[in-house]
file model_16.cif (mmCIF, C-alpha atoms)
data_structure
#
loop_
_atom_site.group_PDB
_atom_site.id
_atom_site.type_symbol
_atom_site.label_atom_id
_atom_site.label_comp_id
_atom_site.auth_asym_id
_atom_site.auth_seq_id
_atom_site.Cartn_x
_atom_site.Cartn_y
_atom_site.Cartn_z
ATOM 1 C CA MET A 134 -17.968 8.961 13.708
ATOM 2 C CA SER A 135 -18.760 5.683 11.915
ATOM 3 C CA LEU A 136 -16.410 4.491 9.187
ATOM 4 C CA LEU A 137 -16.966 2.613 5.952
ATOM 5 C CA ILE A 138 -13.693 1.113 4.734
ATOM 6 C CA ILE A 139 -13.231 -0.157 1.200
ATOM 7 C CA GLY A 140 -10.365 -2.606 0.689
ATOM 8 C CA GLY A 141 -10.284 -3.658 4.322
ATOM 9 C CA THR A 142 -8.725 -7.046 3.554
ATOM 10 C CA GLY A 143 -5.755 -5.507 1.748
ATOM 11 C CA THR A 144 -2.256 -4.736 3.003
ATOM 12 C CA LEU A 145 -3.062 -1.132 3.873
ATOM 13 C CA GLY A 146 -6.773 -1.559 4.527
ATOM 14 C CA ARG A 147 -6.400 -4.068 7.332
ATOM 15 C CA GLN A 148 -3.997 -1.750 9.168
ATOM 16 C CA ILE A 149 -6.535 1.075 8.918
ATOM 17 C CA VAL A 150 -9.273 -1.244 10.188
ATOM 18 C CA LEU A 151 -7.199 -2.463 13.132
ATOM 19 C CA GLN A 152 -6.160 1.003 14.249
ATOM 20 C CA ALA A 153 -9.665 2.400 13.790
ATOM 21 C CA LEU A 154 -11.086 -0.326 16.043
ATOM 22 C CA THR A 155 -8.356 0.342 18.606
ATOM 23 C CA LYS A 156 -9.355 4.003 18.644
ATOM 24 C CA GLY A 157 -12.992 3.071 19.241
ATOM 25 C CA TYR A 158 -14.468 3.873 15.825
ATOM 26 C CA PRO A 159 -17.453 1.796 14.706
ATOM 27 C CA VAL A 160 -16.123 0.150 11.544
ATOM 28 C CA ARG A 161 -18.016 -1.306 8.602
ATOM 29 C CA CYS A 162 -16.194 -2.950 5.702
ATOM 30 C CA MET A 163 -17.607 -3.343 2.226
ATOM 31 C CA VAL A 164 -16.537 -6.790 1.025
ATOM 32 C CA ARG A 165 -17.224 -9.146 -1.861
ATOM 33 C CA ASN A 166 -16.187 -12.359 -0.130
ATOM 34 C CA PHE A 167 -17.406 -12.880 3.450
ATOM 35 C CA ARG A 168 -15.259 -15.972 3.937
ATOM 36 C CA LYS A 169 -12.084 -14.119 2.952
ATOM 37 C CA ALA A 170 -13.040 -11.225 5.235
ATOM 38 C CA ASN A 171 -14.026 -13.394 8.195
ATOM 39 C CA PHE A 172 -10.932 -12.301 10.161
ATOM 40 C CA LEU A 173 -12.299 -8.738 10.081
ATOM 41 C CA LYS A 174 -15.545 -9.950 11.619
ATOM 42 C CA GLU A 175 -13.565 -11.655 14.355
ATOM 43 C CA TRP A 176 -11.896 -8.317 15.066
ATOM 44 C CA GLY A 177 -15.295 -6.731 15.601
ATOM 45 C CA VAL A 178 -16.002 -5.268 12.157
ATOM 46 C CA GLU A 179 -19.472 -5.140 10.635
ATOM 47 C CA LEU A 180 -19.310 -6.739 7.201
ATOM 48 C CA VAL A 181 -21.625 -5.653 4.407
ATOM 49 C CA TYR A 182 -21.750 -6.949 0.864
ATOM 50 C CA GLY A 183 -20.638 -4.504 -1.789
ATOM 51 C CA ASP A 184 -18.822 -4.835 -5.103
ATOM 52 C CA LEU A 185 -17.257 -1.929 -6.998
ATOM 53 C CA SER A 186 -17.952 -3.788 -10.232
ATOM 54 C CA ARG A 187 -21.668 -3.868 -9.340
ATOM 55 C CA PRO A 188 -22.734 -0.247 -8.673
ATOM 56 C CA GLU A 189 -26.188 -1.205 -7.406
ATOM 57 C CA THR A 190 -24.611 -2.898 -4.359
ATOM 58 C CA ILE A 191 -22.822 0.248 -3.176
ATOM 59 C CA PRO A 192 -25.499 2.705 -1.876
ATOM 60 C CA PRO A 193 -26.863 0.406 0.898
ATOM 61 C CA CYS A 194 -23.374 0.214 2.404
ATOM 62 C CA PHE A 195 -23.534 3.907 3.373
ATOM 63 C CA LYS A 196 -26.522 3.705 5.727
ATOM 64 C CA GLY A 197 -25.547 5.373 9.014
ATOM 65 C CA ILE A 198 -21.974 6.091 7.856
ATOM 66 C CA THR A 199 -20.119 9.349 8.623
ATOM 67 C CA ALA A 200 -16.819 8.891 6.759
ATOM 68 C CA VAL A 201 -15.496 6.604 4.034
ATOM 69 C CA ILE A 202 -11.908 5.420 3.553
ATOM 70 C CA ASP A 203 -11.091 3.950 0.163
ATOM 71 C CA ALA A 204 -7.966 1.791 0.365
ATOM 72 C CA SER A 205 -8.859 -0.468 -2.559
ATOM 73 C CA THR A 206 -7.182 -0.923 -5.928
ATOM 74 C CA SER A 207 -7.122 -3.477 -8.731
ATOM 75 C CA ARG A 208 -4.549 -6.260 -8.694
ATOM 76 C CA ALA A 209 -2.292 -7.448 -11.475
ATOM 77 C CA ASN A 210 -4.470 -10.506 -12.090
ATOM 78 C CA GLU A 211 -7.546 -8.304 -12.554
ATOM 79 C CA LEU A 212 -6.421 -6.422 -15.645
ATOM 80 C CA ASP A 213 -9.750 -6.880 -17.423
ATOM 81 C CA SER A 214 -11.642 -5.295 -14.558
ATOM 82 C CA LEU A 215 -9.320 -2.300 -14.134
ATOM 83 C CA LYS A 216 -11.651 0.273 -15.677
ATOM 84 C CA LYS A 217 -14.734 -1.409 -14.242
ATOM 85 C CA VAL A 218 -13.387 -1.257 -10.697
ATOM 86 C CA ASP A 219 -10.984 1.683 -10.577
ATOM 87 C CA TRP A 220 -13.083 4.030 -12.661
ATOM 88 C CA ASP A 221 -16.752 3.045 -12.919
ATOM 89 C CA GLY A 222 -16.762 1.583 -9.420
ATOM 90 C CA LYS A 223 -14.969 4.545 -7.844
ATOM 91 C CA LEU A 224 -17.334 7.026 -9.520
ATOM 92 C CA SER A 225 -20.297 5.073 -8.137
ATOM 93 C CA LEU A 226 -18.625 5.169 -4.734
ATOM 94 C CA ILE A 227 -18.282 8.961 -4.911
ATOM 95 C CA GLU A 228 -21.879 9.385 -6.074
ATOM 96 C CA SER A 229 -23.151 7.183 -3.243
ATOM 97 C CA ALA A 230 -21.055 9.094 -0.710
ATOM 98 C CA LYS A 231 -22.460 12.378 -1.959
ATOM 99 C CA ALA A 232 -26.029 11.107 -1.763
ATOM 100 C CA ALA A 233 -25.384 9.884 1.798
ATOM 101 C CA LYS A 234 -23.972 13.308 2.766
ATOM 102 C CA ILE A 235 -20.688 11.791 3.912
ATOM 103 C CA LYS A 236 -18.641 14.211 6.027
ATOM 104 C CA LYS A 237 -15.208 12.920 4.979
ATOM 105 C CA PHE A 238 -13.894 10.877 2.047
ATOM 106 C CA ILE A 239 -10.284 9.638 2.251
ATOM 107 C CA PHE A 240 -8.693 8.413 -0.963
ATOM 108 C CA PHE A 241 -5.263 6.906 -1.592
ATOM 109 C CA SER A 242 -3.461 7.780 -4.793
ATOM 110 C CA THR A 243 0.110 7.632 -6.136
ATOM 111 C CA GLN A 244 3.033 10.050 -6.398
ATOM 112 C CA ASN A 245 3.309 12.166 -9.560
ATOM 113 C CA VAL A 246 0.039 10.663 -10.755
ATOM 114 C CA GLU A 247 -0.909 13.620 -12.978
ATOM 115 C CA GLN A 248 2.242 13.320 -15.055
ATOM 116 C CA PHE A 249 1.744 9.785 -16.380
ATOM 117 C CA GLU A 250 -1.605 9.410 -18.080
ATOM 118 C CA ASN A 251 0.005 6.884 -20.451
ATOM 119 C CA ILE A 252 -0.212 4.365 -17.599
ATOM 120 C CA PRO A 253 -3.869 3.239 -17.235
ATOM 121 C CA LEU A 254 -4.026 2.953 -13.446
ATOM 122 C CA MET A 255 -2.307 6.320 -13.014
ATOM 123 C CA LYS A 256 -4.728 7.927 -15.429
ATOM 124 C CA LEU A 257 -7.703 6.449 -13.578
ATOM 125 C CA LYS A 258 -6.424 7.477 -10.150
ATOM 126 C CA TYR A 259 -5.862 11.031 -11.315
ATOM 127 C CA GLY A 260 -9.351 11.036 -12.808
ATOM 128 C CA VAL A 261 -10.844 9.851 -9.517
ATOM 129 C CA GLU A 262 -8.910 12.558 -7.657
ATOM 130 C CA THR A 263 -10.417 15.169 -9.990
ATOM 131 C CA LYS A 264 -13.953 13.780 -9.654
ATOM 132 C CA LEU A 265 -13.668 13.674 -5.876
ATOM 133 C CA LYS A 266 -12.457 17.279 -5.693
ATOM 134 C CA LYS A 267 -15.375 18.444 -7.848
ATOM 135 C CA SER A 268 -17.977 16.383 -5.969
ATOM 136 C CA GLY A 269 -18.388 18.802 -3.089
ATOM 137 C CA ILE A 270 -17.654 16.029 -0.580
ATOM 138 C CA PRO A 271 -15.090 17.013 2.090
ATOM 139 C CA TYR A 272 -12.033 14.963 1.166
ATOM 140 C CA THR A 273 -8.438 14.154 2.006
ATOM 141 C CA ILE A 274 -6.173 12.595 -0.619
ATOM 142 C CA PHE A 275 -2.924 10.843 0.257
ATOM 143 C CA ARG A 276 -0.403 10.305 -2.534
ATOM 144 C CA LEU A 277 1.837 7.389 -1.590
ATOM 145 C CA THR A 278 5.167 5.991 -2.748
ATOM 146 C CA GLY A 279 5.258 2.321 -1.752
ATOM 147 C CA PHE A 280 4.926 -0.075 1.186
ATOM 148 C CA TYR A 281 7.627 -1.814 3.213
ATOM 149 C CA GLN A 282 5.476 -4.933 3.023
ATOM 150 C CA GLY A 283 5.864 -5.102 -0.757
ATOM 151 C CA LEU A 284 9.656 -5.031 -0.511
ATOM 152 C CA ILE A 285 9.695 -8.446 1.157
ATOM 153 C CA GLU A 286 8.483 -10.067 -2.057
ATOM 154 C CA GLN A 287 10.609 -7.826 -4.220
ATOM 155 C CA TYR A 288 13.936 -8.211 -2.414
ATOM 156 C CA ALA A 289 14.010 -10.447 0.687
ATOM 157 C CA ILE A 290 12.316 -13.575 -0.665
ATOM 158 C CA PRO A 291 14.323 -13.722 -3.931
ATOM 159 C CA ILE A 292 17.564 -13.525 -1.946
ATOM 160 C CA LEU A 293 16.458 -16.228 0.484
ATOM 161 C CA GLU A 294 15.307 -18.512 -2.344
ATOM 162 C CA ASN A 295 18.284 -17.725 -4.579
ATOM 163 C CA PHE A 296 16.119 -16.157 -7.279
ATOM 164 C CA PRO A 297 17.262 -13.169 -9.360
ATOM 165 C CA ILE A 298 16.327 -9.638 -8.401
ATOM 166 C CA TRP A 299 15.542 -7.437 -11.385
ATOM 167 C CA VAL A 300 16.517 -3.806 -10.963
ATOM 168 C CA THR A 301 17.152 -0.849 -13.209
ATOM 169 C CA ASN A 302 20.295 1.267 -13.265
ATOM 170 C CA GLU A 303 18.476 4.256 -11.770
ATOM 171 C CA ASN A 304 19.600 5.860 -8.530
ATOM 172 C CA THR A 305 16.308 7.413 -7.507
ATOM 173 C CA ASN A 306 15.580 7.518 -3.793
ATOM 174 C CA ILE A 307 12.152 6.156 -2.872
ATOM 175 C CA ALA A 308 10.938 6.899 0.652
ATOM 176 C CA TYR A 309 8.837 3.807 1.368
ATOM 177 C CA MET A 310 6.568 3.607 4.419
ATOM 178 C CA ASP A 311 5.136 0.934 6.670
ATOM 179 C CA THR A 312 1.375 0.563 6.225
ATOM 180 C CA GLN A 313 0.974 0.933 9.991
ATOM 181 C CA ASP A 314 2.307 4.486 9.757
ATOM 182 C CA ILE A 315 0.200 5.308 6.703
ATOM 183 C CA ALA A 316 -2.847 4.152 8.656
ATOM 184 C CA ARG A 317 -1.880 6.522 11.496
ATOM 185 C CA PHE A 318 -1.859 9.489 9.136
ATOM 186 C CA CYS A 319 -5.137 8.374 7.618
ATOM 187 C CA LEU A 320 -7.007 8.205 10.922
ATOM 188 C CA ARG A 321 -5.354 11.344 12.263
ATOM 189 C CA SER A 322 -6.802 13.258 9.297
ATOM 190 C CA LEU A 323 -10.274 12.539 10.664
ATOM 191 C CA GLN A 324 -9.382 14.568 13.758
ATOM 192 C CA ILE A 325 -7.647 17.544 12.141
ATOM 193 C CA PRO A 326 -9.974 19.984 10.308
ATOM 194 C CA GLN A 327 -7.058 21.532 8.395
ATOM 195 C CA THR A 328 -6.636 18.296 6.413
ATOM 196 C CA THR A 329 -10.027 18.699 4.747
ATOM 197 C CA ASN A 330 -9.971 19.304 0.989
ATOM 198 C CA GLN A 331 -6.213 18.808 0.882
ATOM 199 C CA THR A 332 -3.865 16.516 -1.034
ATOM 200 C CA PHE A 333 -0.823 15.265 0.870
ATOM 201 C CA PHE A 334 2.369 13.703 -0.493
ATOM 202 C CA LEU A 335 3.037 11.084 2.153
ATOM 203 C CA SER A 336 6.439 9.432 2.379
ATOM 204 C CA GLY A 337 8.961 8.042 4.810
ATOM 205 C CA LEU A 338 11.811 9.997 6.326
ATOM 206 C CA ARG A 339 14.568 8.437 4.229
ATOM 207 C CA GLY A 340 14.811 7.542 0.579
ATOM 208 C CA TRP A 341 16.322 4.212 -0.467
ATOM 209 C CA VAL A 342 17.805 3.124 -3.786
ATOM 210 C CA SER A 343 17.619 -0.501 -4.912
ATOM 211 C CA SER A 344 21.281 -1.235 -4.190
ATOM 212 C CA GLU A 345 20.930 -0.120 -0.563
ATOM 213 C CA ILE A 346 17.920 -2.369 0.017
ATOM 214 C CA ILE A 347 19.726 -5.299 -1.586
ATOM 215 C CA ASN A 348 22.803 -4.726 0.596
ATOM 216 C CA LEU A 349 20.611 -4.591 3.705
ATOM 217 C CA CYS A 350 18.880 -7.866 2.835
ATOM 218 C CA GLU A 351 22.194 -9.540 2.017
ATOM 219 C CA GLN A 352 23.590 -8.612 5.435
ATOM 220 C CA LEU A 353 20.502 -9.861 7.263
ATOM 221 C CA ALA A 354 20.139 -13.032 5.186
ATOM 222 C CA GLY A 355 23.852 -13.835 5.225
ATOM 223 C CA GLN A 356 23.945 -14.570 1.516
ATOM 224 C CA LYS A 357 24.516 -12.746 -1.761
ATOM 225 C CA ALA A 358 21.787 -11.665 -4.139
ATOM 226 C CA LYS A 359 21.582 -12.531 -7.829
ATOM 227 C CA VAL A 360 21.088 -9.066 -9.279
ATOM 228 C CA GLN A 361 19.962 -8.656 -12.869
ATOM 229 C CA ARG A 362 20.282 -5.070 -14.093
ATOM 230 C CA VAL A 363 18.209 -3.724 -16.955
ATOM 231 C CA PRO A 364 18.956 -0.281 -18.493
ATOM 232 C CA LEU A 365 16.170 2.281 -18.244
ATOM 233 C CA PHE A 366 16.081 2.812 -21.998
ATOM 234 C CA ALA A 367 15.371 -0.905 -22.477
ATOM 235 C CA LEU A 368 12.512 -0.781 -19.998
ATOM 236 C CA LYS A 369 11.020 2.213 -21.748
ATOM 237 C CA LEU A 370 10.758 0.138 -24.908
ATOM 238 C CA VAL A 371 8.606 -2.463 -23.190
ATOM 239 C CA SER A 372 6.856 -0.358 -20.536
ATOM 240 C CA GLY A 373 3.795 -0.049 -22.755
ATOM 241 C CA PHE A 374 3.078 -3.739 -22.205
ATOM 242 C CA PHE A 375 2.720 -3.219 -18.473
ATOM 243 C CA GLY A 376 -0.246 -0.969 -17.892
ATOM 244 C CA PHE A 377 -0.275 -0.872 -14.125
ATOM 245 C CA PHE A 378 1.460 -2.249 -11.091
ATOM 246 C CA GLU A 379 0.818 -3.822 -7.717
ATOM 247 C CA TRP A 380 2.989 -2.374 -4.949
ATOM 248 C CA GLY A 381 5.707 -4.832 -4.145
ATOM 249 C CA GLN A 382 5.884 -6.860 -7.358
ATOM 250 C CA ASN A 383 9.414 -7.772 -8.336
ATOM 251 C CA ILE A 384 9.839 -6.030 -11.670
ATOM 252 C CA SER A 385 6.427 -4.972 -12.970
ATOM 253 C CA ASP A 386 6.335 -1.875 -10.783
ATOM 254 C CA ARG A 387 9.640 -0.633 -12.224
ATOM 255 C CA LEU A 388 8.535 -1.467 -15.740
ATOM 256 C CA ALA A 389 5.314 0.483 -15.395
ATOM 257 C CA PHE A 390 6.853 3.356 -13.480
ATOM 258 C CA VAL A 391 10.177 3.614 -15.266
ATOM 259 C CA GLU A 392 9.589 7.286 -16.035
ATOM 260 C CA ILE A 393 8.338 8.039 -12.535
ATOM 261 C CA LEU A 394 11.569 6.673 -11.098
ATOM 262 C CA ASN A 395 13.377 9.407 -12.989
ATOM 263 C CA THR A 396 11.008 12.144 -11.824
ATOM 264 C CA GLU A 397 12.164 14.482 -9.106
ATOM 265 C CA ASN A 398 9.725 14.727 -6.224
ATOM 266 C CA ASN A 399 9.546 17.246 -3.426
ATOM 267 C CA PHE A 400 8.716 14.893 -0.564
ATOM 268 C CA SER A 401 11.890 15.655 1.377
ATOM 269 C CA LYS A 402 11.226 19.391 1.248
ATOM 270 C CA SER A 403 7.918 19.196 3.088
ATOM 271 C CA THR A 404 8.035 15.910 4.984
ATOM 272 C CA PHE A 405 8.791 17.340 8.416
ATOM 273 C CA GLU A 406 6.152 20.079 8.053
ATOM 274 C CA LEU A 407 3.629 17.381 7.169
ATOM 275 C CA TYR A 408 4.501 15.292 10.215
ATOM 276 C CA LYS A 409 4.155 18.376 12.371
ATOM 277 C CA MET A 410 0.731 19.189 10.949
ATOM 278 C CA PHE A 411 -0.495 15.656 11.683
ATOM 279 C CA LYS A 412 1.097 15.780 15.143
ATOM 280 C CA ILE A 413 3.126 12.637 14.505
ATOM 281 C CA ASP A 414 6.618 12.365 15.976
ATOM 282 C CA PRO A 415 9.086 11.360 13.221
ATOM 283 C CA SER A 416 11.031 9.294 15.761
ATOM 284 C CA GLU A 417 7.990 7.018 16.101
ATOM 285 C CA ILE A 418 7.943 6.156 12.403
ATOM 286 C CA ILE A 419 9.085 2.597 11.627
ATOM 287 C CA GLN A 420 12.373 2.645 9.709
ATOM 288 C CA LEU A 421 13.015 0.277 6.811
ATOM 289 C CA ASP A 422 16.121 -1.326 8.306
ATOM 290 C CA ASP A 423 14.235 -2.022 11.554
ATOM 291 C CA TYR A 424 11.334 -3.480 9.580
ATOM 292 C CA PHE A 425 13.601 -5.874 7.672
ATOM 293 C CA LEU A 426 15.483 -6.822 10.850
ATOM 294 C CA GLU A 427 12.236 -7.799 12.558
ATOM 295 C CA TYR A 428 11.165 -9.776 9.485
ATOM 296 C CA PHE A 429 14.378 -11.808 9.368
ATOM 297 C CA ILE A 430 14.278 -12.418 13.145
ATOM 298 C CA ARG A 431 10.719 -13.767 12.870
ATOM 299 C CA LEU A 432 11.716 -15.877 9.874
ATOM 300 C CA LEU A 433 14.701 -17.417 11.650
ATOM 301 C CA LYS A 434 12.558 -18.183 14.718
ATOM 302 C CA ARG A 435 9.996 -19.888 12.484
ATOM 303 C CA LEU A 436 12.698 -21.976 10.837
ATOM 304 C CA ARG A 437 14.085 -23.006 14.244
ATOM 305 C CA ASP A 438 10.591 -24.022 15.374
ATOM 306 C CA ILE A 439 10.109 -26.086 12.224
ATOM 307 C CA ASN A 440 13.473 -27.799 12.697
ATOM 308 C CA PHE A 441 12.628 -28.518 16.333
ATOM 309 C CA GLU A 442 9.298 -30.093 15.342
ATOM 310 C CA ASP A 443 11.044 -32.253 12.724
ATOM 311 C CA VAL A 444 13.567 -33.490 15.310
ATOM 312 C CA GLN A 445 10.767 -34.328 17.756
ATOM 313 C CA LYS A 446 8.893 -36.287 15.083
ATOM 314 C CA GLN A 447 12.028 -38.279 14.273
ATOM 315 C CA LYS A 448 12.548 -39.060 17.979
ATOM 316 C CA ASN A 449 8.960 -40.252 18.303
ATOM 317 C CA LEU A 450 9.388 -42.514 15.288
ATOM 318 C CA ILE A 451 12.507 -44.058 16.822
ATOM 319 C CA ILE A 452 10.734 -44.621 20.151
#

call {"tool": "encode", "arguments": {"input": "model_16.cif", "output": "structure tokens"}}
result
Amino acid sequence: MSLLIIGGTGTLGRQIVLQALTKGYPVRCMVRNFRKANFLKEWGVELVYGDLSRPETIPPCFKGITAVIDASTSRANELDSLKKVDWDGKLSLIESAKAAKIKKFIFFSTQNVEQFENIPLMKLKYGVETKLKKSGIPYTIFRLTGFYQGLIEQYAIPILENFPIWVTNENTNIAYMDTQDIARFCLRSLQIPQTTNQTFFLSGLRGWVSSEIINLCEQLAGQKAKVQRVPLFALKLVSGFFGFFEWGQNISDRLAFVEILNTENNFSKSTFELYKMFKIDPSEIIQLDDYFLEYFIRLLKRLRDINFEDVQKQKNLII
């Protein structure tokens, strides 16, 4: 089975690429910038030019491809191209996949996406889900919560740099996941026929509220956080100005998804059944506290190395 991966340079995409190569899949990545994607080539990926904002570049990317994995999404600094990429481009991608008789199309969406059409990106993702289901292409859709990787920018770095952390007064549990584990589920779906034409709500094993994550980072960093709390009703007044979010941004994700944070989800009710279906042992899933611990250990080691290099330079200057 040969794979075409869209968004291979992204936080999630690169994990999918790496694990796919490890499993022996021939991997092709559709990229706009070959220089930026050069690390993928070094890994052994075939790079092909393709741009979701230029539909004519998409069909050639599918030559000889069996399955496509779309891990791409617009970024906050690409607001003007949101519709062009996440709607027009995704529809062209689906049409090209259908013409190429693709045997599996994997798409990543967001939790509770159908309930919030007032948020542009949510509306587009739900529209793409619908188009994909009606296309006749065998598909698997994963609805995600958020990534551990994004929490570094949202919580850890502000604490370390003594910047404020903006949070709401909600107490909603969000079961974040490491992108490595999401990639495992993604690739496992290629091997399990029962995942075809299904939508899965994928989440971690434990939900975390903002205060718990802040406390964890404070303990590991050894310093207090500057927490700025904003009432939910205040955010609702301004949420219309923030049309979409990038996982991991400090406050824009909570502004855009203020209503979603108050929406009950049923992840916990079916999580263990889902893990069983995908034949993934829950004990092997990376836990958030372990992820942060490893991050702070690596950071401290880097700081020690930098200090050591500075001392050596000073010694050399004296000599």

call {"tool": "resolve_selection", "arguments": {"input": "model_16.cif", "expression": "the PyMOL selection byres ((chain A and resi 404-419) around 9)", "output": "MDAnalysis selection string"}}
result
chainID A and resid 310:311 313:314 317:318 321:322 325 327:328 333:338 399:403 420:424

call {"tool": "atom_distance", "arguments": {"input": "model_16.cif", "atom1": "atom CA of Leu180 of chain A", "atom2": "atom CA of Thr312 of chain A"}}
result
22.0 Å

call {"tool": "residues_around", "arguments": {"input": "model_16.cif", "residues": "segment 224-233 of chain A", "least_positions_apart": "2", "cutoff": "8 Å", "atoms": "all atoms listed in the file", "output": "list in words"}}
result
Leu185, Pro188, Ile191, Pro192, Phe195, Lys196, Ile198, Val201, Trp220, Asp221, Gly222, Ile235, Phe238, Val261, Lys264, Leu265, Ser268, Gly269 and Ile270 of chain A

call {"tool": "closest_residue", "arguments": {"input": "model_16.cif", "among": "A:Val300, A:Ser135, A:Ile290, A:Ser205", "to": "Leu432 of chain A", "atoms": "all atoms listed in the file"}}
result
A:Ile290

call {"tool": "closest_residue", "arguments": {"input": "model_16.cif", "among": "A:Tyr158, A:Phe240, A:Asn306, A:Val363", "to": "Glu179 of chain A", "atoms": "all atoms listed in the file"}}
result
A:Tyr158

call {"tool": "residues_around", "arguments": {"input": "model_16.cif", "residues": "Phe172 of chain A", "least_positions_apart": "6", "cutoff": "10 Å", "atoms": "all atoms listed in the file", "output": "list in words"}}
result
Thr142, Arg147 and Val178 of chain A

call {"tool": "resolve_selection", "arguments": {"input": "model_16.cif", "expression": "the PyMOL selection byres ((chain A and resi 353) around 9)", "output": "JSON, numbers by chain"}}
result
{"A": [348, 349, 350, 351, 352, 354, 355, 356, 425, 426, 429, 430]}

call {"tool": "residues_around", "arguments": {"input": "model_16.cif", "residues": "Leu145 of chain A", "least_positions_apart": "6", "cutoff": "12 Å", "atoms": "all atoms listed in the file", "output": "PyMOL selection string"}}
result
chain A and resi 138-139+151-152+202-206+241+277+279-283+310-319+380

call {"tool": "closest_residue", "arguments": {"input": "model_16.cif", "among": "A:Trp176, A:Tyr428, A:Tyr182, A:Tyr259", "to": "Phe275 of chain A", "atoms": "all atoms listed in the file"}}
result
A:Tyr259

call {"tool": "atom_distance", "arguments": {"input": "model_16.cif", "atom1": "atom CA of Pro253 of chain A", "atom2": "atom CA of Met163 of chain A"}}
result
24.7 Å

call {"tool": "atom_distance", "arguments": {"input": "model_16.cif", "atom1": "atom CA of Lys258 of chain A", "atom2": "atom CA of Ser344 of chain A"}}
result
29.6 Å
